[in-house]
Structure formats: C-alpha cells, structure tokens
$ cat protein_33.txt   # compact mmCIF, C-alpha atoms
# COMPACT_ATOMS: atom_id res chain seq x y z
CA MET A 119 185.69 -35.99 76.51
CA LEU A 120 184.88 -34.25 73.24
CA SER A 121 184.22 -36.57 70.31
CA ILE A 122 184.37 -35.77 66.59
CA TYR A 123 182.71 -37.88 63.92
CA VAL A 124 183.62 -37.55 60.24
CA ASP A 125 181.83 -38.95 57.18
CA ASP A 126 181.74 -37.96 53.52
CA SER A 127 179.24 -37.52 50.71
CA ILE A 128 180.44 -37.72 47.10
CA HIS A 129 178.58 -35.78 44.41
CA ASP A 130 179.75 -36.55 40.91
CA ARG A 131 177.18 -34.16 39.43
CA GLY A 132 178.85 -31.26 41.17
CA GLN A 133 182.35 -32.75 41.03
CA PHE A 134 182.81 -32.29 44.78
CA ILE A 135 183.14 -34.21 48.01
CA ILE A 136 181.71 -33.00 51.30
CA ALA A 137 183.10 -34.27 54.59
CA SER A 138 181.09 -33.44 57.67
CA ILE A 139 182.60 -32.70 61.08
CA VAL A 140 180.27 -33.42 63.98
CA LEU A 141 181.45 -32.33 67.44
CA SER A 142 179.70 -33.55 70.54
CA GLN A 143 180.43 -33.27 74.25
CA GLU A 144 178.04 -36.15 74.91
CA ASP A 145 178.02 -39.77 73.83
CA LEU A 146 175.62 -39.91 70.89
CA ALA A 147 175.07 -43.66 71.15
CA PRO A 148 172.05 -43.60 73.54
CA SER A 149 170.21 -41.02 71.41
CA VAL A 150 170.81 -42.86 68.14
CA GLU A 151 169.86 -46.17 69.75
CA ARG A 152 166.55 -44.69 70.92
CA VAL A 153 165.76 -43.44 67.41
CA LEU A 154 166.56 -46.81 65.86
CA LEU A 155 164.41 -48.64 68.40
CA SER A 156 161.54 -46.17 67.94
CA VAL A 157 161.17 -47.19 64.28
CA GLY A 158 161.58 -50.91 64.91
CA LEU A 159 165.24 -51.28 63.94
CA VAL A 160 167.98 -53.12 65.81
CA PRO A 161 170.92 -51.04 67.11
CA GLY A 162 174.25 -52.54 66.18
CA GLN A 163 172.69 -54.35 63.26
CA ASP A 164 170.63 -51.70 61.46
CA GLU A 165 171.69 -48.12 60.81
CA TYR A 166 170.74 -44.85 59.17
CA LYS A 167 172.21 -44.48 55.68
CA SER A 168 171.58 -41.42 53.52
CA SER A 169 171.95 -43.59 50.42
CA ALA A 170 168.77 -45.54 51.32
CA ILE A 171 165.68 -44.68 49.28
CA MET A 172 163.42 -42.63 51.56
CA ARG A 173 160.52 -42.02 49.18
CA ASN A 174 157.37 -43.93 50.13
CA ASN A 175 159.13 -45.40 53.15
CA PRO A 176 157.67 -43.86 56.34
CA LYS A 177 159.97 -45.90 58.60
CA LEU A 178 163.13 -44.57 56.99
CA GLN A 179 161.70 -41.06 56.87
CA SER A 180 161.00 -41.24 60.60
CA LEU A 181 164.53 -42.52 61.16
CA ARG A 182 165.95 -39.60 59.20
CA ASP A 183 163.85 -37.11 61.16
CA GLY A 184 164.99 -38.65 64.43
CA ILE A 185 168.67 -38.46 63.46
CA ARG A 186 168.13 -34.87 62.31
CA GLY A 187 166.86 -34.05 65.79
CA ILE A 188 170.16 -35.31 67.21
CA GLU A 189 172.38 -33.34 64.84
CA THR A 190 170.98 -30.05 66.10
CA SER A 191 172.46 -30.82 69.54
CA CYS A 192 175.97 -30.99 68.04
CA ARG A 193 178.34 -28.40 66.56
CA LEU A 194 178.98 -28.82 62.85
CA GLY A 195 181.78 -28.14 60.40
CA VAL A 196 182.33 -28.92 56.73
CA ILE A 197 185.27 -29.82 54.51
CA VAL A 198 184.98 -29.37 50.74
CA ASP A 199 187.20 -31.11 48.21
CA THR A 200 187.01 -31.85 44.50
CA VAL A 201 186.23 -35.31 43.16
CA SER A 202 189.46 -35.26 41.15
CA ASN A 203 191.40 -35.10 44.43
CA ARG A 204 189.60 -38.12 45.89
CA PRO A 205 192.78 -40.23 46.21
CA ASN A 206 194.09 -37.59 48.63
CA LEU A 207 190.85 -37.06 50.54
CA GLY A 208 192.39 -38.41 53.74
CA ASP A 209 195.06 -35.68 53.68
CA THR A 210 192.40 -33.02 53.04
CA ILE A 211 190.37 -34.26 56.00
CA ILE A 212 193.35 -34.12 58.37
CA ILE A 213 194.24 -30.60 57.19
CA GLY A 214 190.59 -29.55 57.47
CA LEU A 215 190.29 -30.98 60.98
CA ALA A 216 193.42 -29.09 62.05
CA HIS A 217 191.99 -25.87 60.63
CA VAL A 218 188.67 -26.29 62.43
CA LEU A 219 190.28 -27.25 65.73
CA ARG A 220 192.50 -24.15 65.60
CA THR A 221 189.60 -21.79 64.86
CA GLN A 222 187.71 -23.27 67.82
CA ASN A 223 190.76 -23.21 70.13
CA LEU A 224 190.51 -26.97 70.47
CA ASP A 225 193.91 -27.85 68.99
CA LYS A 226 195.30 -28.54 72.48
CA SER A 227 192.29 -30.50 73.72
CA ALA A 228 191.91 -34.23 74.29
CA ILE A 229 189.56 -35.44 71.57
CA ASN A 230 188.49 -38.80 70.17
CA ILE A 231 188.18 -38.53 66.37
CA TYR A 232 186.19 -41.24 64.58
CA LEU A 233 186.35 -41.57 60.79
CA ASP A 234 184.03 -43.70 58.71
CA GLN A 235 185.30 -46.53 56.57
CA GLY A 236 187.14 -45.61 53.39
CA LEU A 237 188.26 -42.13 54.45
CA ILE A 238 191.75 -42.86 55.76
CA SER A 239 193.70 -46.10 55.35
CA ASP A 240 197.24 -45.02 56.27
CA VAL A 241 197.02 -44.41 60.01
CA ALA A 242 200.73 -43.74 60.40
CA ARG A 243 200.64 -40.97 57.79
CA ALA A 244 197.49 -39.47 59.32
CA ASN A 245 199.07 -39.38 62.79
CA GLU A 246 202.26 -37.89 61.36
CA MET A 247 200.26 -35.15 59.63
CA MET A 248 198.36 -34.42 62.84
CA HIS A 249 201.65 -34.00 64.68
CA GLU A 250 203.10 -31.74 61.96
CA LEU A 251 199.94 -29.61 61.96
CA GLY A 252 200.09 -29.16 65.72
CA ILE A 253 197.02 -31.17 66.65
CA CYS A 254 197.43 -32.16 70.27
CA GLU A 255 199.01 -35.56 70.81
CA SER A 256 196.25 -36.35 73.27
CA CYS A 257 193.85 -36.54 70.29
CA ARG A 258 193.11 -40.15 69.42
CA LEU A 259 192.37 -41.03 65.80
CA PHE A 260 190.12 -44.00 65.06
CA VAL A 261 189.93 -44.86 61.36
CA GLN A 262 187.90 -47.36 59.32
CA GLN A 263 185.11 -47.31 61.89
CA ASP A 264 181.83 -49.20 61.44
CA SER A 265 178.90 -46.77 61.61
CA ARG A 266 176.65 -49.55 62.92
CA ILE A 267 178.83 -49.59 66.05
CA ILE A 268 180.05 -45.98 66.25
CA TYR A 269 176.63 -44.37 66.28
CA GLY A 270 177.82 -40.80 65.89
CA LEU A 271 178.91 -41.65 62.35
CA GLN A 272 175.25 -42.09 61.42
CA VAL A 273 174.69 -38.48 62.43
CA ALA A 274 177.76 -37.44 60.40
CA ASP A 275 176.31 -39.34 57.42
CA LEU A 276 173.14 -37.26 57.48
CA VAL A 277 175.04 -34.01 58.00
CA ALA A 278 177.34 -34.71 55.04
CA HIS A 279 174.37 -35.53 52.82
CA THR A 280 172.55 -32.38 53.95
CA PHE A 281 175.56 -30.17 53.28
CA GLY A 282 175.96 -31.81 49.88
CA THR A 283 172.38 -31.03 48.93
CA MET A 284 172.83 -27.41 49.99
CA LEU A 285 175.97 -27.03 47.87
CA LEU A 286 174.37 -28.71 44.84
CA GLU A 287 171.65 -26.08 44.98
CA ASN A 288 174.17 -23.25 45.23
CA LEU A 289 175.92 -24.59 42.16
CA GLY A 290 172.61 -24.53 40.28
CA ILE A 291 172.63 -28.30 39.78
CA ILE A 292 169.41 -29.01 41.65
CA SER A 293 166.32 -26.91 42.25
CA LYS A 294 163.62 -28.20 44.54
CA MET A 295 160.82 -26.53 46.44
CA VAL A 296 159.38 -27.93 49.67
CA LYS A 297 156.56 -26.87 51.97
CA ALA A 298 157.58 -24.76 54.95
CA GLY A 299 155.60 -27.06 57.23
CA ASP A 300 154.43 -26.65 60.80
CA ASN A 301 156.54 -24.76 63.38
CA SER A 302 158.60 -23.09 60.65
CA GLY A 303 157.47 -19.55 61.40
CA TYR A 304 156.00 -19.34 57.90
CA ASP A 305 152.71 -20.35 56.35
CA PRO A 306 152.91 -24.18 56.45
CA ASP A 307 151.89 -24.35 52.78
CA LEU A 308 154.48 -21.82 51.62
CA ASP A 309 156.90 -23.19 49.01
CA ILE A 310 160.55 -22.57 49.93
CA GLU A 311 163.85 -23.67 48.40
CA ILE A 312 165.20 -26.88 49.89
CA GLY A 313 168.62 -25.31 50.48
CA PHE A 314 167.08 -22.58 52.60
CA GLU A 315 164.97 -25.09 54.52
CA LEU A 316 168.00 -27.25 55.31
CA TRP A 317 170.14 -24.23 56.23
CA ALA A 318 167.45 -22.86 58.55
CA GLY A 319 167.41 -26.14 60.45
CA LEU A 320 171.18 -26.28 60.94
CA ARG A 321 172.37 -22.68 61.19
CA TYR A 322 172.45 -22.56 64.99
CA SER A 323 174.66 -25.65 65.03
CA LEU A 324 177.26 -24.35 62.57
CA LEU A 325 180.64 -23.50 64.07
CA THR A 326 181.45 -19.80 64.16
CA ALA A 327 184.62 -17.75 64.63
CA GLY A 328 183.95 -14.09 65.34
CA GLN A 329 181.07 -11.77 64.69
CA LEU A 330 181.15 -9.99 61.34
CA ASN A 331 179.03 -7.12 62.60
CA PRO A 332 180.28 -6.57 66.18
CA LYS A 333 178.11 -3.49 66.66
CA ALA A 334 174.95 -5.57 66.37
CA GLU A 335 173.03 -5.22 69.60
CA ASP A 336 170.89 -8.31 69.21
CA LEU A 337 170.41 -11.42 67.09
CA GLN A 338 168.28 -9.51 64.58
CA SER A 339 171.46 -8.65 62.70
CA ALA A 340 174.02 -11.03 64.17
CA GLU A 341 176.18 -12.61 61.49
CA TYR A 342 179.34 -14.59 62.10
CA ARG A 343 182.30 -15.78 60.11
CA SER A 344 182.29 -19.54 59.70
CA GLY A 345 184.71 -21.29 62.00
CA GLY A 346 183.96 -24.74 60.68
CA LEU A 347 184.65 -24.45 56.95
CA TYR A 348 187.73 -25.72 55.15
CA ILE A 349 187.93 -25.65 51.34
CA SER A 350 190.72 -27.56 49.63
CA ASP A 351 192.94 -25.45 47.39
CA LYS A 352 192.47 -28.17 44.76
CA CYS A 353 188.88 -27.02 44.24
CA PRO A 354 188.21 -24.91 41.13
CA SER A 355 187.23 -21.29 41.73
CA THR A 356 183.56 -21.91 40.91
CA LEU A 357 183.36 -24.58 43.61
CA GLN A 358 185.31 -22.47 46.11
CA ASP A 359 183.01 -19.51 45.53
CA ALA A 360 179.85 -21.61 45.86
CA ALA A 361 181.10 -23.25 49.06
CA MET A 362 182.06 -19.89 50.56
CA GLU A 363 178.69 -18.41 49.66
CA ARG A 364 176.85 -21.36 51.17
CA PHE A 365 178.91 -22.00 54.31
CA GLY A 366 181.21 -18.98 54.77
CA ARG A 367 178.84 -16.96 56.93
CA VAL A 368 176.50 -17.94 59.71
CA TYR A 369 173.47 -15.70 60.21
CA LEU A 370 171.72 -16.05 63.55
CA GLY A 371 169.16 -13.28 63.24
CA CYS A 372 165.46 -13.53 62.58
CA ILE A 373 164.59 -14.97 59.15
CA HIS A 374 160.80 -14.56 59.32

$ encode --input "protein_33.txt" --output "structure tokens"
Amino acid sequence: MLSIYVDDSIHDRGQFIIASIVLSQEDLAPSVERVLLSVGLVPGQDEYKSSAIMRNNPKLQSLRDGIRGIETSCRLGVIVDTVSNRPNLGDTIIIGLAHVLRTQNLDKSAINIYLDQGLISDVARANEMMHELGICESCRLFVQQDSRIIYGLQVADLVAHTFGTMLLENLGIISKMVKAGDNSGYDPDLDIEIGFELWAGLRYSLLTAGQLNPKAEDLQSAEYRSGGLYISDKCPSTLQDAAMERFGRVYLGCIH
C-alpha cells in the first residue's frame, strides 16, 4: 500500500510555511532504523530532527546524510502557505494533498496518510474535507503521529527543511555557497549556491505532471510541469512567484 508522510517547516524570516509530501511504495521504517543504528542511535527512542544543531557534530551530520539517501527513493511534493494563515494550516494541507493526489491520478487509491504532531487536530473536519474534495474513502488519515515511531516522518522532516532552505534562497533571504564535492559532476572545490545543490539532489524525486517540451527527444532538454506543488491562495504574490519559480518546473536534463 502507498504511504504518504507529511511534516512542516516554519520560516518566520520568509513569512512562509512549507509542508512536505513524501510518497513511498515501501515501508520506510527498516531503512530509517538502519541509519539510526549506523550512527549509534536507538530506533524508537532517538530520531532525526532538522532543528538539531548539526555544526561540529559528525554523528548528526552522518544521520542527516543517511536520511537524505532515503528521501531520494521516494516521490516528493510541497505545500506552501503563509505564516499568517498558520491557524488554518490543517485545511491547507488537506486541500494540497487532494490537489497532488489528483495530479498523480491517485485520488481513487488506497493510501495511508501520516501527519506529524501539531498539523491537524480536528480529525472529523479533516475527514469531512477529504470526502468533499473527492479523496478516496479508502484513504486512511493518521494525525498527531510520533515521528520516533512513524519513521517516514523523519524523512518528511528533512524534506520540509530542505524545501524551506531552497525557498528562502529564492526570496533572497539567505545566500550561502557550498563546495560541489565528490561525485557531483563538477570540480569538487567549485563553489555553488546551496539552493542549486539541494535542488540537484532532489530533482529526480519531485513529482511531475506532463512534459513542458514534448518534442524533446532525450533528457538533455526534458522539462516537466510540477505535479507536486500546491500554493495557498493566502500567500502574497511575492511568495507565490518565488515558490512557482523554485518548484513549478522540474528539469531532468543534464546540468553539467
């Protein structure tokens, strides 16, 4: 059965909230458990949290890298809302999920949907909205889930944080250069923007919905419309434009 994991990342500097959608056909628990054990942590007790300070902490950095390796095996979507609409974030997430499921032709599929703590408190309202939006009744919604137990939420945590960093850069709020590193296709010592580096690592996992250049004969020029992006209409135009620029298209061609 398909599983979806949803977590959020709040960015007061940019006045936005990012909610990640992580779709997986496989149970993510064994993979996350292996990563936790590999760095000496206890599954079910310890967990990956993006809010933890990674600097000068090799164990947590290794944990982050291990979780990042798992996220690339999933399909990813993103919901963008404004901080001022935070009291209604649960409604935005349900609407965003319905949008993504429709674009992926999954609105009639049996899916387990797990949401991290604090995202949705009114289960009856959430289920009513799902029914009104045409999300299949065979979908099961699990709210207020503990990410130490529902391991896929740890992956969603990292994805939400990553998307948030990418959007902060597009808004001009942060500017950071990182080394391309080994196996990047570039000179390992080349300085590149962090948003580009993060995008390059995730672009093959982003959900798509139709090729923008259907005459392209190969991946050298293949670009797709995003099928995993939902932007709340409560967002100001500057935020909507930045989110569309960052996540609205998925380029799968060569970037080297």

$ closest_residue --input "protein_33.txt" --among "A:Gly195, A:Gly208, A:Gly270, A:Pro354" --to "Ala242 in chain A" --atoms "only C-alpha atoms"
A:Gly208

$ residues_near_point --input "protein_33.txt" --point "(182.4, -20.8, 47.2)" --cutoff "12 Å" --atoms "all atoms listed in the file" --output "ChimeraX atom specification"
/A:134,197-199,284-286,288-289,347-351,353-367

$ residues_around --input "protein_33.txt" --residues "Ser121 in chain A" --least-positions-apart "2" --cutoff "9 Å" --atoms "only C-alpha atoms" --output "list in words"
Met119, Tyr123, Val140, Leu141, Ser142, Gln143, Glu144, Asp145, Ala228, Ile229, Asn230, Ile231, Tyr232 and Gly270 of chain A

$ write_last_selection --input "protein_33.txt" --atoms "C-alpha atoms" --output "short mmCIF file (atom, residue, chain, number, x, y, z; two decimals), in the coordinates of the input"
data_model
loop_
_atom_site.label_atom_id
_atom_site.label_comp_id
_atom_site.auth_asym_id
_atom_site.auth_seq_id
_atom_site.Cartn_x
_atom_site.Cartn_y
_atom_site.Cartn_z
CA MET A 119 185.69 -35.99 76.51
CA TYR A 123 182.71 -37.88 63.92
CA VAL A 140 180.27 -33.42 63.98
CA LEU A 141 181.45 -32.33 67.44
CA SER A 142 179.70 -33.55 70.54
CA GLN A 143 180.43 -33.27 74.25
CA GLU A 144 178.04 -36.15 74.91
CA ASP A 145 178.02 -39.77 73.83
CA ALA A 228 191.91 -34.23 74.29
CA ILE A 229 189.56 -35.44 71.57
CA ASN A 230 188.49 -38.80 70.17
CA ILE A 231 188.18 -38.53 66.37
CA TYR A 232 186.19 -41.24 64.58
CA GLY A 270 177.82 -40.80 65.89
#

$ atom_distance --input "protein_33.txt" --atom1 "CA of Ile238 in chain A" --atom2 "CA of Asn206 in chain A"
9.2 Å

$ atom_distance --input "protein_33.txt" --atom1 "CA of Asn203 in chain A" --atom2 "CA of His217 in chain A"
18.7 Å

$ atom_distance --input "protein_33.txt" --atom1 "CA of Gln262 in chain A" --atom2 "CA of Met172 in chain A"
26.1 Å

$ closest_residue --input "protein_33.txt" --among "A:Ser138, A:Ser191, A:Gln222, A:Gln272" --to "Gly162 in chain A" --atoms "all atoms listed in the file"
A:Gln272

$ residues_near_point --input "protein_33.txt" --point "(188.8, -39.2, 45.8)" --cutoff "12 Å" --atoms "all atoms listed in the file" --output "PyMOL selection string"
chain A and resi 126-130+133-137+198-211+236-238+352

$ closest_residue --input "protein_33.txt" --among "A:Ala216, A:Leu330, A:Val157, A:Ile267" --to "Ile139 in chain A" --atoms "only C-alpha atoms"
A:Ala216

$ closest_residue --input "protein_33.txt" --among "A:Ser265, A:Thr280, A:Ser344, A:Ser156" --to "Val218 in chain A" --atoms "only C-alpha atoms"
A:Ser344

$ closest_residue --input "protein_33.txt" --among "A:Arg243, A:Gln235, A:Leu219, A:Leu155" --to "Leu194 in chain A" --atoms "only C-alpha atoms"
A:Leu219

$ closest_residue --input "protein_33.txt" --among "A:Arg266, A:Lys294, A:Arg258, A:Arg321" --to "Gln163 in chain A" --atoms "all atoms listed in the file"
A:Arg266

$ residues_around --input "protein_33.txt" --residues "Thr283 in chain A" --least-positions-apart "6" --cutoff "9 Å" --atoms "all atoms listed in the file" --output "VMD selection string"
chain A and resid 292 312 to 313 316
